There are 2 protein chains.
Amino acid sequence: MSEEEKIEYISSILREKDISPSLQRIQIYKYLMDNQVHPNVDMIYRDLVKKIPTLSKTTVYNTLKLFQSKDLVSVITIEENEARYDIHTHLHGHFKCLNCGKIFDFDIEELKFDPMIEKENKIIDQQLYIKGYCKECIEKMNKEKE
Amino acid sequence: MSEEEKIEYISSILREKDISPSLQRIQIYKYLMDNQVHPNVDMIYRDLVKKIPTLSKTTVYNTLKLFQSKDLVSVITIEENEARYDIHTHLHGHFKCLNCGKIFDFDIEELKFDPMIEKENKIIDQQLYIKGYCKECIEKMNKEKE
DNA sequence: ATCATTGCAAACACTTTGCATACGC
DNA sequence: GCGTATGCAAAGTGTTTGCAATGAT
């Protein structure tokens with residue numbers, strides 16, 4: 001997809017949700033598409049302000065809140081101190097390495113829990129978070145031991 | 001279990017983890033035992049300051065951090081803006097009602113995901129969060145419609 | 001011209017830090 | 001008496017709010 005095509009594609013997604021596709025909104029959405037690393041507000045701001053020098057953090061906050069309310073992005077609260085954002089896709093889990101801080105996705109086949117939960121309550125969003133030590137950090141730690 | 005027995009029991013748990021069982025620490029642990037509603041720091045502080053008038057929020061923060069590091073409590077980050085605390089027990093999920101704000105536990109039989117995740121990485125903690133509308137709120141909303 | 005969007009600055013809320021006081025062995 | 005635990009006050013950090021300036025149709 002060319003850059004222009006991508007922008008047109010994003011614009012159509014936004015229009016479908018009754019969001020007027022401003023420069024800032026398109027770029028924030030594009031950033032989330034291109035950088036699926038679950039960025040926080042600061043990362044989004046610091047990278048995009050290079051392209052849009054007048055950009056303010058408030059706009060990033062406003063836009064993400066808008067996207068959230070329209071179900072375009074989901075918030076990941078695996079970190080205790082800050083929100084991270086993810087383009088809304090299929091159900092997947094998030095693994096956070098307690099050593100290097102990296103957060104990566106993994107596929108979930110199925111979440112098995114008491115079916116009454118689903119029957120009695122209305123589920124809007126599900127998040128599975130796993131914390132631990134990632135493959136790379138474990139290997140590094142093992143090497144250091146030698 | 002009598003009150004004294006409970007305090008003795010908590011003291012032994014703390015001592016096992018090399019934590020000297022001070023009045024504050026015992027009462028914070030007891031609060032988490034007695035009130036399994038996933039309180040935040042403010043709830044713990046507001047209730048306990050009635051019993052311990054000199055209590056400070058700093059102590060609540062310090063103590064919870066200490067308990068966390070000793071694996072006595074787990075932090076629930078289902079809320080975007082604040083941490084909630086839970087006595088460390090068996091694996092269970094948390095459901096948060098987007099209407100009334102209540103958070104309740106539910107049992108998980110099994111978490112099914114790619115076994116490579118478990119093989120390659122070291123899992124320390126797992127959290128499953130579900131957000132939606134709870135039974136009571138759904139019933140209330142349906143009644144209001146009539 | 002009007003309405004929506006943006007962005008600055010200030011306010012907010014939760015949490016952490018520095019340091020002096022108080023407590024326990 | 002000495003080391004740890006406590007608690008006040010201030011600072012820090014992520015986020016929200018109020019409002020004026022800007023932009024789009």
# chains A, B, ... in the order shown; residues from 1 in each chain; ligands from 1
>>> residues_around(residues="segment 9-15 of chain C", least_positions_apart="6", cutoff="8 Å", atoms="only C-alpha atoms (C1' of nucleotides)", output="PyMOL selection string")
(chain B and resi 81-82) or (chain D and resi 16-17)
>>> residues_around(residues="segment 117-130 of chain A", least_positions_apart="2", cutoff="8 Å", atoms="only C-alpha atoms (C1' of nucleotides)", output="PDB file with N, CA, C and O atoms, in the first residue's frame")
ATOM      1  N   ILE A  76      -4.281  -0.758  26.805  1.00  0.00           N
ATOM      2  CA  ILE A  76      -3.612  -1.837  27.518  1.00  0.00           C
ATOM      3  C   ILE A  76      -3.116  -1.273  28.835  1.00  0.00           C
ATOM      4  O   ILE A  76      -2.358  -0.321  28.862  1.00  0.00           O
ATOM      5  N   ILE A  78      -1.424  -2.976  31.172  1.00  0.00           N
ATOM      6  CA  ILE A  78      -0.483  -3.922  31.782  1.00  0.00           C
ATOM      7  C   ILE A  78       0.559  -3.197  32.617  1.00  0.00           C
ATOM      8  O   ILE A  78       1.078  -3.727  33.576  1.00  0.00           O
ATOM      9  N   LEU A  91      -8.666 -10.981  19.193  1.00  0.00           N
ATOM     10  CA  LEU A  91      -8.280 -11.245  20.579  1.00  0.00           C
ATOM     11  C   LEU A  91      -6.850 -11.769  20.642  1.00  0.00           C
ATOM     12  O   LEU A  91      -6.498 -12.729  19.977  1.00  0.00           O
ATOM     13  N   HIS A  92      -6.030 -11.136  21.421  1.00  0.00           N
ATOM     14  CA  HIS A  92      -4.682 -11.645  21.648  1.00  0.00           C
ATOM     15  C   HIS A  92      -4.207 -11.228  23.031  1.00  0.00           C
ATOM     16  O   HIS A  92      -4.757 -10.312  23.635  1.00  0.00           O
ATOM     17  N   GLY A  93      -3.201 -11.944  23.504  1.00  0.00           N
ATOM     18  CA  GLY A  93      -2.689 -11.643  24.830  1.00  0.00           C
ATOM     19  C   GLY A  93      -1.461 -10.756  24.763  1.00  0.00           C
ATOM     20  O   GLY A  93      -0.884 -10.554  23.693  1.00  0.00           O
ATOM     21  N   HIS A  94      -1.090 -10.182  25.888  1.00  0.00           N
ATOM     22  CA  HIS A  94       0.107  -9.348  25.957  1.00  0.00           C
ATOM     23  C   HIS A  94       1.049  -9.901  27.013  1.00  0.00           C
ATOM     24  O   HIS A  94       0.625 -10.170  28.134  1.00  0.00           O
ATOM     25  N   PHE A  95       2.297 -10.034  26.615  1.00  0.00           N
ATOM     26  CA  PHE A  95       3.320 -10.519  27.538  1.00  0.00           C
ATOM     27  C   PHE A  95       4.268  -9.371  27.831  1.00  0.00           C
ATOM     28  O   PHE A  95       4.790  -8.741  26.922  1.00  0.00           O
ATOM     29  N   LYS A  96       4.480  -9.100  29.111  1.00  0.00           N
ATOM     30  CA  LYS A  96       5.436  -8.061  29.458  1.00  0.00           C
ATOM     31  C   LYS A  96       6.634  -8.645  30.173  1.00  0.00           C
ATOM     32  O   LYS A  96       6.481  -9.334  31.189  1.00  0.00           O
ATOM     33  N   PHE A 113     -13.507 -20.066  30.621  1.00  0.00           N
ATOM     34  CA  PHE A 113     -13.933 -19.764  32.001  1.00  0.00           C
ATOM     35  C   PHE A 113     -15.402 -20.093  32.116  1.00  0.00           C
ATOM     36  O   PHE A 113     -16.061 -20.404  31.103  1.00  0.00           O
ATOM     37  N   ASP A 114     -15.888 -20.058  33.318  1.00  0.00           N
ATOM     38  CA  ASP A 114     -17.287 -20.373  33.600  1.00  0.00           C
ATOM     39  C   ASP A 114     -18.233 -19.729  32.576  1.00  0.00           C
ATOM     40  O   ASP A 114     -18.314 -18.511  32.484  1.00  0.00           O
ATOM     41  N   PRO A 115     -18.957 -20.538  31.814  1.00  0.00           N
ATOM     42  CA  PRO A 115     -19.836 -19.990  30.771  1.00  0.00           C
ATOM     43  C   PRO A 115     -20.938 -19.082  31.316  1.00  0.00           C
ATOM     44  O   PRO A 115     -21.486 -18.260  30.573  1.00  0.00           O
ATOM     45  N   GLY A 132       6.478 -11.752  33.099  1.00  0.00           N
ATOM     46  CA  GLY A 132       7.513 -12.720  33.397  1.00  0.00           C
ATOM     47  C   GLY A 132       8.810 -12.322  32.731  1.00  0.00           C
ATOM     48  O   GLY A 132       9.074 -11.130  32.552  1.00  0.00           O
TER      49      GLY A 132
ATOM     50  N   PHE B 106     -13.895 -14.115  39.055  1.00  0.00           N
ATOM     51  CA  PHE B 106     -14.525 -15.326  38.534  1.00  0.00           C
ATOM     52  C   PHE B 106     -13.453 -16.391  38.310  1.00  0.00           C
ATOM     53  O   PHE B 106     -12.278 -16.070  38.108  1.00  0.00           O
ATOM     54  N   ILE B 123       6.923 -17.465  33.028  1.00  0.00           N
ATOM     55  CA  ILE B 123       5.715 -16.759  33.457  1.00  0.00           C
ATOM     56  C   ILE B 123       5.741 -16.553  34.971  1.00  0.00           C
ATOM     57  O   ILE B 123       5.963 -17.490  35.730  1.00  0.00           O
ATOM     58  N   ILE B 124       5.560 -15.315  35.376  1.00  0.00           N
ATOM     59  CA  ILE B 124       5.540 -14.998  36.801  1.00  0.00           C
ATOM     60  C   ILE B 124       4.104 -14.725  37.249  1.00  0.00           C
ATOM     61  O   ILE B 124       3.675 -15.133  38.307  1.00  0.00           O
ATOM     62  N   ASP B 125       3.358 -14.014  36.425  1.00  0.00           N
ATOM     63  CA  ASP B 125       2.019 -13.599  36.828  1.00  0.00           C
ATOM     64  C   ASP B 125       1.105 -13.561  35.608  1.00  0.00           C
ATOM     65  O   ASP B 125       1.529 -13.227  34.514  1.00  0.00           O
ATOM     66  N   GLN B 126      -0.140 -13.931  35.798  1.00  0.00           N
ATOM     67  CA  GLN B 126      -1.111 -13.871  34.709  1.00  0.00           C
ATOM     68  C   GLN B 126      -2.349 -13.146  35.198  1.00  0.00           C
ATOM     69  O   GLN B 126      -2.778 -13.350  36.312  1.00  0.00           O
ATOM     70  N   GLN B 127      -2.907 -12.318  34.360  1.00  0.00           N
ATOM     71  CA  GLN B 127      -4.133 -11.612  34.730  1.00  0.00           C
ATOM     72  C   GLN B 127      -5.088 -11.633  33.554  1.00  0.00           C
ATOM     73  O   GLN B 127      -4.701 -11.327  32.424  1.00  0.00           O
ATOM     74  N   LEU B 128      -6.324 -11.998  33.826  1.00  0.00           N
ATOM     75  CA  LEU B 128      -7.351 -11.936  32.797  1.00  0.00           C
ATOM     76  C   LEU B 128      -8.401 -10.914  33.232  1.00  0.00           C
ATOM     77  O   LEU B 128      -8.981 -11.038  34.313  1.00  0.00           O
ATOM     78  N   TYR B 129      -8.578  -9.898  32.413  1.00  0.00           N
ATOM     79  CA  TYR B 129      -9.551  -8.857  32.730  1.00  0.00           C
ATOM     80  C   TYR B 129     -10.674  -8.870  31.709  1.00  0.00           C
ATOM     81  O   TYR B 129     -10.440  -8.932  30.504  1.00  0.00           O
ATOM     82  N   ILE B 130     -11.873  -8.785  32.188  1.00  0.00           N
ATOM     83  CA  ILE B 130     -13.014  -8.646  31.289  1.00  0.00           C
ATOM     84  C   ILE B 130     -13.767  -7.400  31.694  1.00  0.00           C
ATOM     85  O   ILE B 130     -14.006  -7.150  32.879  1.00  0.00           O
ATOM     86  N   LYS B 131     -14.120  -6.592  30.714  1.00  0.00           N
ATOM     87  CA  LYS B 131     -14.933  -5.415  30.985  1.00  0.00           C
ATOM     88  C   LYS B 131     -16.250  -5.554  30.251  1.00  0.00           C
ATOM     89  O   LYS B 131     -16.303  -6.115  29.154  1.00  0.00           O
ATOM     90  N   GLY B 132     -17.297  -5.044  30.874  1.00  0.00           N
ATOM     91  CA  GLY B 132     -18.606  -5.122  30.249  1.00  0.00           C
ATOM     92  C   GLY B 132     -19.676  -4.646  31.222  1.00  0.00           C
ATOM     93  O   GLY B 132     -19.401  -3.772  32.041  1.00  0.00           O
ATOM     94  N   TYR B 133     -20.849  -5.197  31.100  1.00  0.00           N
ATOM     95  CA  TYR B 133     -21.941  -4.809  31.984  1.00  0.00           C
ATOM     96  C   TYR B 133     -22.365  -6.008  32.804  1.00  0.00           C
ATOM     97  O   TYR B 133     -22.557  -7.104  32.268  1.00  0.00           O
ATOM     98  N   CYS B 134     -22.494  -5.808  34.113  1.00  0.00           N
ATOM     99  CA  CYS B 134     -22.799  -6.923  35.001  1.00  0.00           C
ATOM    100  C   CYS B 134     -24.301  -7.225  34.992  1.00  0.00           C
ATOM    101  O   CYS B 134     -25.119  -6.407  34.599  1.00  0.00           O
ATOM    102  N   LYS B 135     -24.609  -8.433  35.433  1.00  0.00           N
ATOM    103  CA  LYS B 135     -25.972  -8.950  35.529  1.00  0.00           C
ATOM    104  C   LYS B 135     -26.938  -7.917  36.128  1.00  0.00           C
ATOM    105  O   LYS B 135     -27.960  -7.604  35.522  1.00  0.00           O
ATOM    106  N   ILE B 138     -27.549  -4.908  33.918  1.00  0.00           N
ATOM    107  CA  ILE B 138     -28.337  -5.271  32.738  1.00  0.00           C
ATOM    108  C   ILE B 138     -29.820  -5.359  33.131  1.00  0.00           C
ATOM    109  O   ILE B 138     -30.690  -4.813  32.444  1.00  0.00           O
TER     110      ILE B 138
END
>>> residues_around(residues="DA22 of chain C", least_positions_apart="6", cutoff="12 Å", atoms="only C-alpha atoms (C1' of nucleotides)", output="list in words")
Thr54 of chain B; DT4, DA5, DT6 and DG7 of chain D
>>> write_last_selection(atoms="N, CA and C atoms (P, O5', C5', C4', C3', O3' and C1' of nucleotides)", output="tab-separated table (two decimals), in the first residue's frame")
chain	number	residue	atom	x	y	z
B	54	THR	N	-3.01	7.66	63.35
B	54	THR	CA	-1.75	8.24	62.88
B	54	THR	C	-1.32	7.70	61.52
D	4	DT	P	18.51	-2.04	59.45
D	4	DT	O5'	16.93	-2.03	59.60
D	4	DT	C5'	16.31	-2.85	60.59
D	4	DT	C4'	14.93	-2.32	60.89
D	4	DT	C3'	14.07	-2.02	59.66
D	4	DT	O3'	12.85	-2.70	59.83
D	4	DT	C1'	14.03	-0.20	61.16
D	5	DA	P	11.70	-2.66	58.72
D	5	DA	O5'	10.69	-1.59	59.32
D	5	DA	C5'	10.19	-1.77	60.63
D	5	DA	C4'	9.19	-0.69	60.94
D	5	DA	C3'	8.20	-0.38	59.82
D	5	DA	O3'	6.92	-0.23	60.41
D	5	DA	C1'	9.37	1.59	60.40
D	6	DT	P	5.69	0.28	59.59
D	6	DT	O5'	5.73	1.83	59.90
D	6	DT	C5'	5.42	2.27	61.22
D	6	DT	C4'	5.40	3.79	61.25
D	6	DT	C3'	4.35	4.43	60.34
D	6	DT	O3'	3.50	5.22	61.16
D	6	DT	C1'	6.45	5.49	60.12
D	7	DG	P	2.13	5.81	60.63
D	7	DG	O5'	2.58	7.26	60.15
D	7	DG	C5'	3.05	8.19	61.11
D	7	DG	C4'	3.48	9.47	60.42
D	7	DG	C3'	2.48	9.98	59.36
D	7	DG	O3'	2.44	11.39	59.44
D	7	DG	C1'	4.58	9.73	58.39
>>> residues_around(residues="segment 28-44 of chain A", least_positions_apart="3", cutoff="8 Å", atoms="only C-alpha atoms (C1' of nucleotides)", output="PyMOL selection string")
chain A and resi 7+10+24-25+47-48+57+60-61+63+76+82-87+103-104
>>> closest_atom_pairs(of="chain D", to="chain A", cutoff="12 Å", atoms="only C-alpha atoms (C1' of nucleotides)", output="CSV")
residue,atom,partner,partner_atom,distance
D:DT13,C1',A:Asn81,CA,8.6
D:DG14,C1',A:Glu82,CA,6.4
D:DT15,C1',A:Tyr61,CA,8.1
D:DT16,C1',A:Thr58,CA,8.9
D:DT17,C1',A:Thr58,CA,10.4
D:DT22,C1',A:Thr54,CA,11.6
D:DG23,C1',A:Ser22,CA,10.2
D:DA24,C1',A:Ser22,CA,9.9
>>> closest_residue(among="A:Ile19, A:Cys137, A:Leu14, A:Leu64", to="chain B", atoms="only C-alpha atoms")
A:Cys137
>>> atom_distance(atom1="atom CA of Asp18 of chain A", atom2="atom CA of Thr89 of chain A")
19.5 Å
>>> atom_distance(atom1="atom CA of Thr77 of chain B", atom2="atom CA of Thr77 of chain A")
5.8 Å
>>> select_by_dssp(residues="chain B", states="strand (DSSP E)", output="VMD selection string")
chain B and resid 73 to 76 84 to 87 92 to 97 103 to 113 122 to 133
>>> decode(residues="segment 7-29 of chain A", atoms="N, CA, C and O atoms", output="PDB file, in the first residue's frame")
ATOM      1  N   ILE A   7      -3.270   6.609   3.548  1.00  0.00           N
ATOM      2  CA  ILE A   7      -3.977   7.755   4.116  1.00  0.00           C
ATOM      3  C   ILE A   7      -5.449   7.730   3.706  1.00  0.00           C
ATOM      4  O   ILE A   7      -6.331   7.993   4.532  1.00  0.00           O
ATOM      5  N   GLU A   8      -5.686   7.354   2.451  1.00  0.00           N
ATOM      6  CA  GLU A   8      -7.087   7.277   1.999  1.00  0.00           C
ATOM      7  C   GLU A   8      -7.836   6.169   2.736  1.00  0.00           C
ATOM      8  O   GLU A   8      -8.985   6.327   3.145  1.00  0.00           O
ATOM      9  N   TYR A   9      -7.133   5.073   2.944  1.00  0.00           N
ATOM     10  CA  TYR A   9      -7.707   3.936   3.674  1.00  0.00           C
ATOM     11  C   TYR A   9      -8.077   4.338   5.105  1.00  0.00           C
ATOM     12  O   TYR A   9      -9.189   4.075   5.592  1.00  0.00           O
ATOM     13  N   ILE A  10      -7.139   5.035   5.773  1.00  0.00           N
ATOM     14  CA  ILE A  10      -7.392   5.472   7.150  1.00  0.00           C
ATOM     15  C   ILE A  10      -8.554   6.454   7.178  1.00  0.00           C
ATOM     16  O   ILE A  10      -9.442   6.365   8.030  1.00  0.00           O
ATOM     17  N   SER A  11      -8.556   7.367   6.218  1.00  0.00           N
ATOM     18  CA  SER A  11      -9.643   8.348   6.171  1.00  0.00           C
ATOM     19  C   SER A  11     -10.997   7.657   6.088  1.00  0.00           C
ATOM     20  O   SER A  11     -11.955   8.061   6.752  1.00  0.00           O
ATOM     21  N   SER A  12     -11.052   6.596   5.284  1.00  0.00           N
ATOM     22  CA  SER A  12     -12.343   5.915   5.138  1.00  0.00           C
ATOM     23  C   SER A  12     -12.747   5.221   6.432  1.00  0.00           C
ATOM     24  O   SER A  12     -13.920   5.214   6.801  1.00  0.00           O
ATOM     25  N   ILE A  13     -11.752   4.670   7.130  1.00  0.00           N
ATOM     26  CA  ILE A  13     -12.047   4.035   8.426  1.00  0.00           C
ATOM     27  C   ILE A  13     -12.614   5.073   9.388  1.00  0.00           C
ATOM     28  O   ILE A  13     -13.611   4.834  10.066  1.00  0.00           O
ATOM     29  N   LEU A  14     -11.983   6.246   9.415  1.00  0.00           N
ATOM     30  CA  LEU A  14     -12.429   7.289  10.331  1.00  0.00           C
ATOM     31  C   LEU A  14     -13.827   7.784   9.954  1.00  0.00           C
ATOM     32  O   LEU A  14     -14.693   7.925  10.817  1.00  0.00           O
ATOM     33  N   ARG A  15     -14.030   8.008   8.654  1.00  0.00           N
ATOM     34  CA  ARG A  15     -15.337   8.498   8.204  1.00  0.00           C
ATOM     35  C   ARG A  15     -16.455   7.524   8.552  1.00  0.00           C
ATOM     36  O   ARG A  15     -17.539   7.929   8.945  1.00  0.00           O
ATOM     37  N   GLU A  16     -16.147   6.245   8.435  1.00  0.00           N
ATOM     38  CA  GLU A  16     -17.134   5.219   8.793  1.00  0.00           C
ATOM     39  C   GLU A  16     -17.603   5.360  10.237  1.00  0.00           C
ATOM     40  O   GLU A  16     -18.724   4.985  10.572  1.00  0.00           O
ATOM     41  N   LYS A  17     -16.704   5.874  11.063  1.00  0.00           N
ATOM     42  CA  LYS A  17     -17.033   6.023  12.477  1.00  0.00           C
ATOM     43  C   LYS A  17     -17.454   7.458  12.793  1.00  0.00           C
ATOM     44  O   LYS A  17     -17.436   7.881  13.942  1.00  0.00           O
ATOM     45  N   ASP A  18     -17.772   8.221  11.776  1.00  0.00           N
ATOM     46  CA  ASP A  18     -18.198   9.613  11.941  1.00  0.00           C
ATOM     47  C   ASP A  18     -17.129  10.491  12.569  1.00  0.00           C
ATOM     48  O   ASP A  18     -17.428  11.380  13.362  1.00  0.00           O
ATOM     49  N   ILE A  19     -15.897  10.214  12.204  1.00  0.00           N
ATOM     50  CA  ILE A  19     -14.792  11.036  12.685  1.00  0.00           C
ATOM     51  C   ILE A  19     -14.227  11.763  11.479  1.00  0.00           C
ATOM     52  O   ILE A  19     -13.842  11.122  10.493  1.00  0.00           O
ATOM     53  N   SER A  20     -14.173  13.087  11.556  1.00  0.00           N
ATOM     54  CA  SER A  20     -13.623  13.785  10.398  1.00  0.00           C
ATOM     55  C   SER A  20     -12.106  13.596  10.380  1.00  0.00           C
ATOM     56  O   SER A  20     -11.427  13.794  11.380  1.00  0.00           O
ATOM     57  N   PRO A  21     -11.579  13.178   9.236  1.00  0.00           N
ATOM     58  CA  PRO A  21     -10.177  12.766   9.156  1.00  0.00           C
ATOM     59  C   PRO A  21      -9.217  13.942   9.067  1.00  0.00           C
ATOM     60  O   PRO A  21      -8.739  14.286   7.991  1.00  0.00           O
ATOM     61  N   SER A  22      -8.908  14.512  10.199  1.00  0.00           N
ATOM     62  CA  SER A  22      -7.936  15.607  10.223  1.00  0.00           C
ATOM     63  C   SER A  22      -6.531  15.026  10.112  1.00  0.00           C
ATOM     64  O   SER A  22      -6.321  13.832  10.333  1.00  0.00           O
ATOM     65  N   LEU A  23      -5.596  15.918   9.787  1.00  0.00           N
ATOM     66  CA  LEU A  23      -4.191  15.507   9.681  1.00  0.00           C
ATOM     67  C   LEU A  23      -3.717  14.774  10.922  1.00  0.00           C
ATOM     68  O   LEU A  23      -3.151  13.681  10.852  1.00  0.00           O
ATOM     69  N   GLN A  24      -3.995  15.389  12.091  1.00  0.00           N
ATOM     70  CA  GLN A  24      -3.534  14.788  13.352  1.00  0.00           C
ATOM     71  C   GLN A  24      -4.125  13.408  13.571  1.00  0.00           C
ATOM     72  O   GLN A  24      -3.412  12.460  13.936  1.00  0.00           O
ATOM     73  N   ARG A  25      -5.420  13.298  13.342  1.00  0.00           N
ATOM     74  CA  ARG A  25      -6.078  12.014  13.584  1.00  0.00           C
ATOM     75  C   ARG A  25      -5.559  10.935  12.648  1.00  0.00           C
ATOM     76  O   ARG A  25      -5.337   9.802  13.069  1.00  0.00           O
ATOM     77  N   ILE A  26      -5.379  11.301  11.381  1.00  0.00           N
ATOM     78  CA  ILE A  26      -4.852  10.321  10.427  1.00  0.00           C
ATOM     79  C   ILE A  26      -3.459   9.863  10.849  1.00  0.00           C
ATOM     80  O   ILE A  26      -3.159   8.675  10.869  1.00  0.00           O
ATOM     81  N   GLN A  27      -2.628  10.819  11.228  1.00  0.00           N
ATOM     82  CA  GLN A  27      -1.253  10.461  11.577  1.00  0.00           C
ATOM     83  C   GLN A  27      -1.184   9.630  12.846  1.00  0.00           C
ATOM     84  O   GLN A  27      -0.342   8.730  12.968  1.00  0.00           O
ATOM     85  N   ILE A  28      -2.048   9.914  13.796  1.00  0.00           N
ATOM     86  CA  ILE A  28      -2.046   9.118  15.031  1.00  0.00           C
ATOM     87  C   ILE A  28      -2.513   7.699  14.724  1.00  0.00           C
ATOM     88  O   ILE A  28      -1.921   6.724  15.178  1.00  0.00           O
ATOM     89  N   TYR A  29      -3.542   7.586  13.900  1.00  0.00           N
ATOM     90  CA  TYR A  29      -4.017   6.250  13.533  1.00  0.00           C
ATOM     91  C   TYR A  29      -2.925   5.506  12.755  1.00  0.00           C
ATOM     92  O   TYR A  29      -2.664   4.335  13.010  1.00  0.00           O
TER      93      TYR A  29
END
